[in-house]
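Next up, protein_5.cif (mmCIF, C-alpha atoms (C1' of nucleotides)):
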```
data_query
loop_
_atom_site.label_atom_id
_atom_site.label_comp_id
_atom_site.auth_asym_id
_atom_site.auth_seq_id
_atom_site.Cartn_x
_atom_site.Cartn_y
_atom_site.Cartn_z
CA MET W 1 8.32 2.03 -2.68
CA LYS W 2 9.63 -1.47 -2.48
CA MET W 3 8.01 -3.97 -0.19
CA SER W 4 10.17 -5.89 2.25
CA GLU W 5 11.13 -9.28 0.93
CA GLY W 6 9.92 -10.56 4.27
CA VAL W 7 6.45 -10.43 2.77
CA GLU W 8 7.43 -12.86 0.06
CA TRP W 9 9.20 -15.14 2.54
CA THR W 10 6.40 -15.29 5.06
CA ALA W 11 3.68 -15.56 2.44
CA HIS W 12 5.29 -18.74 1.11
CA ALA W 13 5.87 -19.97 4.65
CA CYS W 14 2.21 -19.44 5.52
CA VAL W 15 1.10 -21.33 2.44
CA LEU W 16 3.22 -24.23 3.63
CA LEU W 17 1.69 -24.02 7.10
CA ALA W 18 -1.76 -23.92 5.53
CA ALA W 19 -1.04 -27.24 3.83
CA LEU W 20 -0.44 -28.93 7.17
CA PRO W 21 -3.17 -30.58 9.26
CA PRO W 22 -4.96 -28.05 11.51
CA GLY W 23 -3.04 -27.34 14.71
CA ILE W 24 0.25 -28.66 13.36
CA GLY W 25 3.17 -26.29 12.88
CA LEU W 26 6.84 -26.13 11.93
CA PRO W 27 9.83 -24.37 13.48
CA ALA W 28 11.30 -21.34 11.75
CA ASN W 29 14.31 -23.40 10.75
CA ALA W 30 12.19 -25.77 8.72
CA LEU W 31 10.19 -22.95 7.14
CA ALA W 32 13.45 -21.37 5.98
CA GLU W 33 14.93 -24.63 4.79
CA PHE W 34 11.91 -25.37 2.60
CA HIS W 35 12.96 -22.53 0.25
CA ARG W 36 16.65 -22.36 1.24
CA LEU W 37 16.31 -18.98 2.96
CA ALA W 38 18.47 -17.50 5.72
CA PRO W 39 17.10 -19.18 8.91
CA ALA W 40 17.79 -16.32 11.31
CA TYR W 41 16.18 -13.75 9.06
CA MET W 42 13.14 -15.92 8.45
CA ALA W 43 12.82 -16.28 12.23
CA LYS W 44 12.77 -12.54 12.61
CA HIS W 45 9.96 -12.16 10.12
CA MET W 46 7.94 -14.93 11.73
CA GLN W 47 8.20 -13.01 14.99
CA ALA W 48 6.39 -10.12 13.32
CA LEU W 49 3.64 -12.46 12.19
CA ALA W 50 3.31 -13.80 15.72
CA ARG W 51 3.02 -10.28 17.15
CA ALA W 52 0.25 -9.57 14.63
CA ASN W 53 -1.59 -12.76 15.60
CA VAL W 54 -1.34 -14.27 12.16
CA VAL W 55 0.55 -17.25 13.58
CA GLU W 56 0.98 -18.68 17.06
CA SER W 57 4.38 -19.57 18.43
CA VAL W 58 5.12 -22.60 20.61
CA ARG W 59 8.46 -22.56 22.37
CA GLY W 60 10.65 -25.46 23.34
CA ALA W 61 11.28 -28.83 21.78
CA GLY W 62 8.62 -29.88 19.32
CA GLY W 63 7.40 -26.31 19.08
CA GLY W 64 7.41 -23.88 16.20
CA TYR W 65 4.87 -21.74 14.36
CA ARG W 66 1.33 -22.63 13.34
CA LEU W 67 -1.51 -20.61 11.87
CA ALA W 68 -3.45 -18.72 14.52
CA ARG W 69 -6.77 -19.38 12.74
CA PRO W 70 -8.13 -21.30 9.74
CA ALA W 71 -6.36 -20.60 6.45
CA SER W 72 -9.66 -19.42 5.02
CA GLU W 73 -9.60 -16.54 7.50
CA ILE W 74 -6.08 -15.31 6.77
CA THR W 75 -5.57 -12.98 3.82
CA LEU W 76 -2.51 -11.66 2.03
CA TRP W 77 -3.28 -8.29 3.55
CA ASP W 78 -2.90 -9.74 7.05
CA ILE W 79 0.64 -10.76 6.15
CA VAL W 80 1.50 -7.41 4.55
CA GLU W 81 0.13 -5.56 7.56
CA ALA W 82 2.14 -7.74 9.94
CA ILE W 83 5.42 -7.10 8.12
CA GLU W 84 4.97 -3.58 6.77
CA GLY W 85 2.62 -2.01 9.29
CA GLU W 86 -0.79 -0.53 8.67
CA GLU W 87 0.28 2.95 7.57
CA HIS W 88 -0.57 4.13 4.09
CA SER W 89 2.34 4.23 1.65
CA PHE W 90 1.62 7.85 0.74
CA ARG W 91 2.40 10.14 3.66
CA CYS W 92 0.65 13.49 3.57
CA SER W 93 2.65 16.00 5.58
CA GLU W 94 0.19 18.82 4.86
CA ILE W 95 2.68 20.97 3.04
CA ARG W 96 -0.28 22.91 1.66
CA GLN W 97 -0.61 24.56 5.08
CA ASP W 98 2.67 26.41 4.72
CA GLY W 99 3.93 28.99 2.25
CA PRO W 100 3.74 32.68 1.30
CA CYS W 101 0.19 32.42 -0.06
CA VAL W 102 -1.33 30.72 2.97
CA ASN W 103 -3.82 32.96 4.75
CA PRO W 104 -6.48 32.73 7.47
CA SER W 105 -9.34 32.49 4.99
CA MET W 106 -8.20 28.98 4.02
CA ASP W 107 -10.01 25.95 5.34
CA PHE W 108 -7.94 22.82 5.95
CA ARG W 109 -10.59 20.67 7.55
CA ARG W 110 -11.11 18.63 4.41
CA PRO W 111 -8.18 16.50 3.23
CA CYS W 112 -6.42 17.84 0.18
CA GLU W 113 -7.38 16.39 -3.20
CA ILE W 114 -4.01 14.74 -3.69
CA HIS W 115 -4.18 13.01 -0.34
CA ALA W 116 -7.73 11.86 -1.05
CA ALA W 117 -6.78 10.37 -4.40
CA PHE W 118 -3.90 8.39 -2.93
CA SER W 119 -6.09 7.14 -0.09
CA LYS W 120 -8.65 5.86 -2.56
CA ALA W 121 -5.97 4.03 -4.53
CA GLU W 122 -4.47 2.48 -1.42
CA ILE W 123 -7.87 1.25 -0.27
CA ALA W 124 -8.42 -0.40 -3.64
CA TRP W 125 -5.04 -2.09 -3.35
CA ARG W 126 -5.75 -3.37 0.13
CA ALA W 127 -9.19 -4.60 -0.90
CA GLU W 128 -7.60 -6.79 -3.55
CA LEU W 129 -5.22 -8.30 -1.01
CA LYS W 130 -7.98 -8.80 1.54
CA ALA W 131 -9.90 -10.79 -1.06
CA VAL W 132 -7.22 -13.48 -1.33
CA THR W 133 -7.07 -16.08 1.45
CA LEU W 134 -4.33 -18.56 2.24
CA ALA W 135 -6.83 -21.37 1.70
CA GLU W 136 -7.39 -20.32 -1.90
CA ILE W 137 -3.69 -20.01 -2.66
CA CYS W 138 -2.98 -23.30 -0.99
CA LYS W 139 -5.67 -25.03 -3.03
CA ASP W 140 -4.33 -23.62 -6.30
CA VAL W 141 -0.77 -24.61 -5.49
CA ALA W 142 -1.82 -28.13 -4.51
CA ARG W 143 -3.82 -28.56 -7.72
CA ARG W 144 -0.75 -27.90 -9.83
CA ALA W 145 1.53 -30.27 -7.92
CA THR W 146 2.47 -33.56 -9.57
CA PRO W 147 2.16 -36.87 -7.70
CA GLN W 148 5.94 -36.95 -7.56
CA THR W 149 6.14 -33.58 -5.82
CA ARG W 150 3.41 -34.60 -3.41
CA GLY W 151 5.41 -37.65 -2.42
CA ILE W 152 8.68 -35.84 -1.92
CA THR W 153 7.04 -33.12 0.10
CA ARG W 154 5.13 -35.56 2.26
CA GLN W 155 8.35 -37.40 3.02
CA TRP W 156 10.18 -34.17 3.92
CA LEU W 157 7.33 -33.10 6.20
CA GLU W 158 7.21 -36.43 7.99
CA GLN W 159 10.90 -36.16 8.70
CA LYS W 160 10.49 -32.64 10.08
CA LEU W 161 7.49 -33.53 12.21
CA ALA W 162 9.04 -36.68 13.63
CA MET D 1 6.67 0.34 1.84
CA LYS D 2 6.76 4.07 2.24
CA MET D 3 6.58 6.29 -0.79
CA SER D 4 9.21 8.99 -1.23
CA GLU D 5 8.01 12.33 -0.01
CA GLY D 6 9.21 13.60 -3.37
CA VAL D 7 5.88 12.35 -4.72
CA GLU D 8 3.99 14.66 -2.40
CA TRP D 9 6.28 17.58 -3.19
CA THR D 10 6.14 17.23 -6.95
CA ALA D 11 2.43 16.48 -7.01
CA HIS D 12 1.71 19.79 -5.32
CA ALA D 13 4.24 21.52 -7.58
CA CYS D 14 2.56 20.12 -10.67
CA VAL D 15 -0.84 21.29 -9.49
CA LEU D 16 0.62 24.77 -9.19
CA LEU D 17 2.08 24.52 -12.70
CA ALA D 18 -1.28 23.33 -13.97
CA ALA D 19 -2.88 26.51 -12.65
CA LEU D 20 -0.58 28.65 -14.80
CA PRO D 21 -1.40 29.71 -18.37
CA PRO D 22 -0.33 27.06 -20.92
CA GLY D 23 3.35 27.24 -21.78
CA ILE D 24 4.24 29.26 -18.68
CA GLY D 25 6.50 27.74 -16.02
CA LEU D 26 8.32 28.46 -12.79
CA PRO D 27 11.89 27.77 -11.61
CA ALA D 28 12.45 25.07 -9.00
CA ASN D 29 13.20 27.75 -6.43
CA ALA D 30 9.75 29.24 -6.75
CA LEU D 31 8.06 25.82 -6.68
CA ALA D 32 9.84 25.05 -3.42
CA GLU D 33 9.13 28.45 -1.91
CA PHE D 34 5.40 28.08 -2.56
CA HIS D 35 5.21 25.42 0.18
CA ARG D 36 8.40 26.35 2.05
CA LEU D 37 10.30 23.25 1.00
CA ALA D 38 14.06 22.71 0.69
CA PRO D 39 14.89 24.29 -2.71
CA ALA D 40 17.80 21.98 -3.59
CA TYR D 41 15.84 18.86 -2.81
CA MET D 42 12.82 20.03 -4.75
CA ALA D 43 15.14 20.71 -7.69
CA LYS D 44 16.38 17.15 -7.57
CA HIS D 45 12.85 15.75 -7.72
CA MET D 46 11.91 18.04 -10.58
CA GLN D 47 14.87 16.63 -12.48
CA ALA D 48 13.27 13.19 -12.21
CA LEU D 49 10.03 14.55 -13.60
CA ALA D 50 11.91 16.12 -16.49
CA ARG D 51 13.65 12.84 -17.29
CA ALA D 52 10.25 11.14 -17.35
CA ASN D 53 8.85 13.79 -19.69
CA VAL D 54 6.20 14.94 -17.25
CA VAL D 55 7.64 18.45 -17.30
CA GLU D 56 9.98 20.30 -19.63
CA SER D 57 12.96 22.24 -18.36
CA VAL D 58 14.14 25.57 -19.73
CA ARG D 59 17.61 26.66 -18.68
CA GLY D 60 18.96 30.12 -18.15
CA ALA D 61 17.40 33.36 -16.98
CA GLY D 62 13.62 33.37 -17.17
CA GLY D 63 13.60 29.60 -17.50
CA GLY D 64 12.28 26.92 -15.15
CA TYR D 65 9.88 24.01 -15.40
CA ARG D 66 6.57 23.80 -17.22
CA LEU D 67 4.19 20.92 -17.90
CA ALA D 68 5.24 18.86 -20.90
CA ARG D 69 1.63 18.40 -22.03
CA PRO D 70 -1.89 19.55 -21.07
CA ALA D 71 -2.81 19.00 -17.43
CA SER D 72 -5.69 16.82 -18.56
CA GLU D 73 -3.15 14.34 -19.94
CA ILE D 74 -0.99 14.04 -16.84
CA THR D 75 -2.09 11.65 -14.11
CA LEU D 76 -0.93 11.02 -10.57
CA TRP D 77 0.53 7.75 -11.77
CA ASP D 78 2.82 9.64 -14.18
CA ILE D 79 4.28 11.46 -11.19
CA VAL D 80 4.65 8.33 -9.07
CA GLU D 81 6.31 6.51 -11.95
CA ALA D 82 8.73 9.40 -12.49
CA ILE D 83 9.82 9.48 -8.84
CA GLU D 84 9.52 5.85 -7.79
CA GLY D 85 10.14 3.99 -11.04
CA GLU D 86 7.84 1.59 -12.79
CA GLU D 87 8.72 -1.57 -10.90
CA HIS D 88 6.06 -3.31 -8.87
CA SER D 89 6.33 -2.89 -5.11
CA PHE D 90 6.19 -6.66 -4.56
CA ARG D 91 9.37 -8.28 -5.82
CA CYS D 92 9.05 -11.97 -6.63
CA SER D 93 12.46 -13.60 -6.40
CA GLU D 94 11.09 -17.03 -7.29
CA ILE D 95 12.07 -18.65 -4.02
CA ARG D 96 9.66 -21.46 -4.90
CA GLN D 97 12.25 -22.72 -7.39
CA ASP D 98 14.69 -23.65 -4.64
CA GLY D 99 14.52 -26.07 -1.71
CA PRO D 100 14.73 -29.74 -0.79
CA CYS D 101 11.35 -30.61 -2.33
CA VAL D 102 11.97 -29.03 -5.73
CA ASN D 103 12.18 -31.65 -8.47
CA PRO D 104 12.22 -31.83 -12.28
CA SER D 105 8.52 -32.65 -12.53
CA MET D 106 7.67 -29.11 -11.44
CA ASP D 107 6.54 -26.53 -13.95
CA PHE D 108 7.50 -22.92 -13.28
CA ARG D 109 6.27 -21.40 -16.51
CA ARG D 110 3.19 -19.94 -14.86
CA PRO D 111 3.74 -17.27 -12.22
CA CYS D 112 3.15 -18.43 -8.68
CA GLU D 113 -0.22 -17.69 -7.09
CA ILE D 114 1.23 -15.27 -4.58
CA HIS D 115 2.98 -13.27 -7.26
CA ALA D 116 -0.20 -13.21 -9.35
CA ALA D 117 -2.29 -11.91 -6.47
CA PHE D 118 0.11 -9.07 -5.74
CA SER D 119 0.29 -8.16 -9.40
CA LYS D 120 -3.48 -7.91 -9.58
CA ALA D 121 -3.57 -5.66 -6.52
CA GLU D 122 -0.83 -3.42 -7.87
CA ILE D 123 -2.61 -3.04 -11.17
CA ALA D 124 -5.78 -1.98 -9.36
CA TRP D 125 -3.78 0.59 -7.40
CA ARG D 126 -2.18 2.00 -10.51
CA ALA D 127 -5.52 2.13 -12.31
CA GLU D 128 -6.90 4.37 -9.58
CA LEU D 129 -3.94 6.73 -9.90
CA LYS D 130 -4.15 6.74 -13.69
CA ALA D 131 -7.76 7.84 -13.41
CA VAL D 132 -6.89 11.11 -11.66
CA THR D 133 -5.55 13.94 -13.82
CA LEU D 134 -3.84 17.14 -12.79
CA ALA D 135 -6.63 19.08 -14.46
CA GLU D 136 -9.24 17.55 -12.18
CA ILE D 137 -7.23 18.17 -9.03
CA CYS D 138 -6.47 21.71 -10.10
CA LYS D 139 -10.16 22.40 -10.72
CA ASP D 140 -11.15 21.06 -7.31
CA VAL D 141 -8.48 23.07 -5.54
CA ALA D 142 -9.44 26.24 -7.37
CA ARG D 143 -13.12 25.77 -6.54
CA ARG D 144 -12.37 25.74 -2.84
CA ALA D 145 -10.14 28.80 -2.88
CA THR D 146 -11.54 32.03 -1.44
CA PRO D 147 -11.32 35.33 -3.37
CA GLN D 148 -8.75 36.44 -0.85
CA THR D 149 -6.51 33.46 -1.54
CA ARG D 150 -6.91 33.97 -5.27
CA GLY D 151 -5.71 37.56 -4.93
CA ILE D 152 -2.69 36.75 -2.81
CA THR D 153 -1.66 33.90 -5.07
CA ARG D 154 -2.10 35.98 -8.23
CA GLN D 155 0.10 38.68 -6.73
CA TRP D 156 2.80 36.20 -5.72
CA LEU D 157 2.79 34.64 -9.18
CA GLU D 158 3.07 38.00 -10.93
CA GLN D 159 6.08 38.81 -8.82
CA LYS D 160 7.73 35.49 -9.69
CA LEU D 161 6.97 35.74 -13.39
CA ALA D 162 8.14 39.34 -13.70
"C1'" DC I 1 29.26 39.83 -29.68
"C1'" DC I 2 30.48 39.51 -25.00
"C1'" DT I 3 29.45 39.61 -20.20
"C1'" DT I 4 26.67 38.53 -16.43
"C1'" DA I 5 23.06 36.60 -14.01
"C1'" DT I 6 20.05 32.75 -13.76
"C1'" DT I 7 18.74 28.11 -13.82
"C1'" DC I 8 19.24 23.18 -14.58
"C1'" DG I 9 21.92 18.80 -13.87
"C1'" DG I 10 24.72 15.60 -11.77
"C1'" DA I 11 28.28 14.49 -8.16
"C1'" DT I 12 28.73 14.28 -3.29
"C1'" DA I 13 27.71 13.79 1.91
"C1'" DT I 14 24.53 12.38 5.66
"C1'" DC I 15 20.97 9.79 7.76
"C1'" DT I 16 17.16 6.71 8.18
"C1'" DT I 17 15.46 2.09 7.10
"C1'" DG I 18 15.88 -2.53 5.68
"C1'" DT I 19 18.83 -6.64 5.83
"C1'" DG I 20 21.12 -10.13 8.35
"C1'" DT I 21 23.21 -12.43 12.58
"C1'" DC I 22 23.86 -13.82 17.24
"C1'" DC I 23 22.95 -15.03 22.00
"C1'" DG I 24 20.04 -15.19 26.10
"C1'" DA I 25 15.17 -16.50 27.78
"C1'" DT I 26 11.79 -20.01 27.97
"C1'" DA I 27 9.36 -24.12 27.46
"C1'" DT I 28 9.20 -28.98 26.25
"C1'" DA I 29 10.49 -33.81 26.42
"C1'" DA I 30 13.02 -37.44 28.46
"C1'" DT Q 1 15.85 -32.34 37.06
"C1'" DT Q 2 18.51 -31.93 33.13
"C1'" DA Q 3 19.45 -31.27 28.53
"C1'" DT Q 4 17.76 -29.92 24.22
"C1'" DA Q 5 14.98 -27.39 21.11
"C1'" DT Q 6 12.92 -23.12 19.95
"C1'" DC Q 7 11.46 -18.36 20.23
"C1'" DG Q 8 12.47 -13.37 21.14
"C1'" DG Q 9 14.89 -9.31 21.25
"C1'" DA Q 10 19.49 -6.93 21.12
"C1'" DC Q 11 23.11 -6.05 18.12
"C1'" DA Q 12 26.01 -5.11 13.42
"C1'" DC Q 13 25.98 -4.10 8.58
"C1'" DA Q 14 24.36 -2.50 3.99
"C1'" DA Q 15 21.32 -0.11 0.98
"C1'" DG Q 16 18.39 3.42 -0.16
"C1'" DA Q 17 16.30 7.85 0.83
"C1'" DT Q 18 17.24 12.56 2.19
"C1'" DA Q 19 19.68 16.81 1.66
"C1'" DT Q 20 23.29 19.89 -0.18
"C1'" DC Q 21 26.62 21.97 -3.19
"C1'" DC Q 22 29.05 23.30 -7.35
"C1'" DG Q 23 29.91 23.13 -12.34
"C1'" DA Q 24 27.54 23.34 -17.13
"C1'" DA Q 25 24.49 25.54 -20.07
"C1'" DT Q 26 21.47 29.09 -21.56
"C1'" DA Q 27 19.06 33.41 -21.98
"C1'" DA Q 28 18.92 38.45 -21.18
"C1'" DG Q 29 21.16 42.90 -21.34
"C1'" DG Q 30 24.70 46.03 -22.67
#
```
This structure in structure tokens:
Amino acid sequence: MKMSEGVEWTAHACVLLAALPPGIGLPANALAEFHRLAPAYMAKHMQALARANVVESVRGAGGGYRLARPASEITLWDIVEAIEGEEHSFRCSEIRQDGPCVNPSMDFRRPCEIHAAFSKAEIAWRAELKAVTLAEICKDVARRATPQTRGITRQWLEQKLA
Amino acid sequence: MKMSEGVEWTAHACVLLAALPPGIGLPANALAEFHRLAPAYMAKHMQALARANVVESVRGAGGGYRLARPASEITLWDIVEAIEGEEHSFRCSEIRQDGPCVNPSMDFRRPCEIHAAFSKAEIAWRAELKAVTLAEICKDVARRATPQTRGITRQWLEQKLA
DNA sequence: CCTTATTCGGATATCTTGTGTCCGATATAA
DNA sequence: TTATATCGGACACAAGATATCCGAATAAGG
């Protein structure tokens, strides 16, 4: 029940992309370097985000990844879904339909109570993630940055975008 | 992000135990047989539940597993925690604290926004699971059982308890 | 009290999934 | 047109989940 660390990596990467001017992106190398992460592995995760249409990829010199839509329309759930897939964490394999006490009078059209309870919990979890947009996170992060950090970051970005 | 199928197995097993008279249990073999599951693997999962004090184990002839407390005081979360552990699914490795733009003016005492959002979602998920008790599930399952099923199951149980 | 059968508990083997890297395909800029 | 930058998928490796077996402990029966 552990989530791939790719979620953490790409979530931070997307927040960085959200801080850039609209339409501007960064290559996977730069996204990895910003938090000193393995470049090749970050690239792999960004591929998943591109397949899920969370980011757009631009190949060739000067290319990279940029958000596929405004940061206010991308949620944490979009990122989780891109990396982890849309399947529920609890897998019901209908074991109730097998065993010595199973008989034809049983009705399996309704989902079992256990399955239903886990579905409800998962939906609540997803709803929380769908309620958080990149724009909100980006705003909160920016608010807590000192002028010094702003300057250093701006300088680093200018170098990468040059 | 998939949950161990041990959760499904033991959840169903606990519902069966909850249907028994208080203080009465079943060996792991019988719990597995009830849904035609691998006996040795079911036994391993029941061990985890015993370690977590969800069930009590009784060794030797006539022994087995029984609920460690009333079914109304055991929730689905107790079972998930026993099998999966209590760690959050999202692991924050504080990657924000490393990189070329990190500088001494930064303050990392507060958790990062991404981490906070995932924590909130996980807590909501757990709250849903903590709200569902074995007693409730057991009642719902029993209500939907036909007289025929009740008879067959009673007979099977009497054979196992003899 | 001793023997035997029963059941739990942990050590062990196998297999799927996640982690991590590399190189070819493709597009851009000069 | 060429050279460079970048993405994308194919390819190894490691970790965790899945599955099994055998010894330890306990209760029942003689």
Legend entry - Test item: chain I residues at most 8 Å from chain W, counting all atoms listed in the file, as a list in words: DG18, DG20, DT21, DT26, DA27, DT28 and DA29 of chain I
Legend entry - Picked residues, the PyMOL selection byres ((chain D) within 7 of (chain W)), as a PyMOL selection string: chain D and resi 1-3+8+33-36+84+89-90+92+95-96+98-101+103+105+113+121-122+124-125+128-129+137+146+149+152-153
Writer output for current selection, C-alpha atoms, as a compact mmCIF listing (two decimals), keeping the file's coordinate frame:
```txt
# COMPACT_ATOMS: atom_id res chain seq x y z
CA MET D 1 6.67 0.34 1.84
CA LYS D 2 6.76 4.07 2.24
CA MET D 3 6.58 6.29 -0.79
CA GLU D 8 3.99 14.66 -2.40
CA GLU D 33 9.13 28.45 -1.91
CA PHE D 34 5.40 28.08 -2.56
CA HIS D 35 5.21 25.42 0.18
CA ARG D 36 8.40 26.35 2.05
CA GLU D 84 9.52 5.85 -7.79
CA SER D 89 6.33 -2.89 -5.11
CA PHE D 90 6.19 -6.66 -4.56
CA CYS D 92 9.05 -11.97 -6.63
CA ILE D 95 12.07 -18.65 -4.02
CA ARG D 96 9.66 -21.46 -4.90
CA ASP D 98 14.69 -23.65 -4.64
CA GLY D 99 14.52 -26.07 -1.71
CA PRO D 100 14.73 -29.74 -0.79
CA CYS D 101 11.35 -30.61 -2.33
CA ASN D 103 12.18 -31.65 -8.47
CA SER D 105 8.52 -32.65 -12.53
CA GLU D 113 -0.22 -17.69 -7.09
CA ALA D 121 -3.57 -5.66 -6.52
CA GLU D 122 -0.83 -3.42 -7.87
CA ALA D 124 -5.78 -1.98 -9.36
CA TRP D 125 -3.78 0.59 -7.40
CA GLU D 128 -6.90 4.37 -9.58
CA LEU D 129 -3.94 6.73 -9.90
CA ILE D 137 -7.23 18.17 -9.03
CA THR D 146 -11.54 32.03 -1.44
CA THR D 149 -6.51 33.46 -1.54
CA ILE D 152 -2.69 36.75 -2.81
CA THR D 153 -1.66 33.90 -5.07
```
As JSON, what would the box around region 14-29 of chain I look like: edges along x, y and z, 6 Å added on every side, centre and edge lengths in Å to one decimal?
```
{"center_x": 16.9, "center_y": -10.7, "center_z": 16.8, "size_x": 27.3, "size_y": 58.2, "size_z": 34.3}
```
Inset, instruction - Kindly determine which residues of chain Q lie within 9 Å of chain D, considering all atoms listed in the file, and give the answer as a PyMOL selection string. - result: chain Q and resi 17-21+25-28
Inset, instruction - Spell out the residues picked by the PyMOL selection byres ((chain I and resi 24) around 12) here, as JSON, numbers by chain. - result: {"I": [22, 23, 25, 26], "Q": [7, 8, 9, 10]}
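One distance worth recording is that between C1' of DC22 (chain Q) and C1' of DT7 (chain I), which is 13.1 Å.
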Inset, instruction - Work out how far apart CA of Leu17 (chain W) and CA of Arg66 (chain W) are and give it in Å to one decimal. - result: 6.4 Å
Inset, instruction - Go ahead and compute the interatomic distance for CA of Ile79 (chain D) and CA of Ala116 (chain D), in Å to one decimal. - result: 25.1 Å
Inset, instruction - Determine, counting only C-alpha atoms (C1' of nucleotides), every residue of protein, DNA or RNA that lies within 10 Å of (13.7, 21.7, -15.0) in the file coordinates, then give the result as a VMD selection string. - result: (chain D and resid 25 to 28 43 to 51 55 to 59 63 to 67) or (chain I and resid 7 to 9)
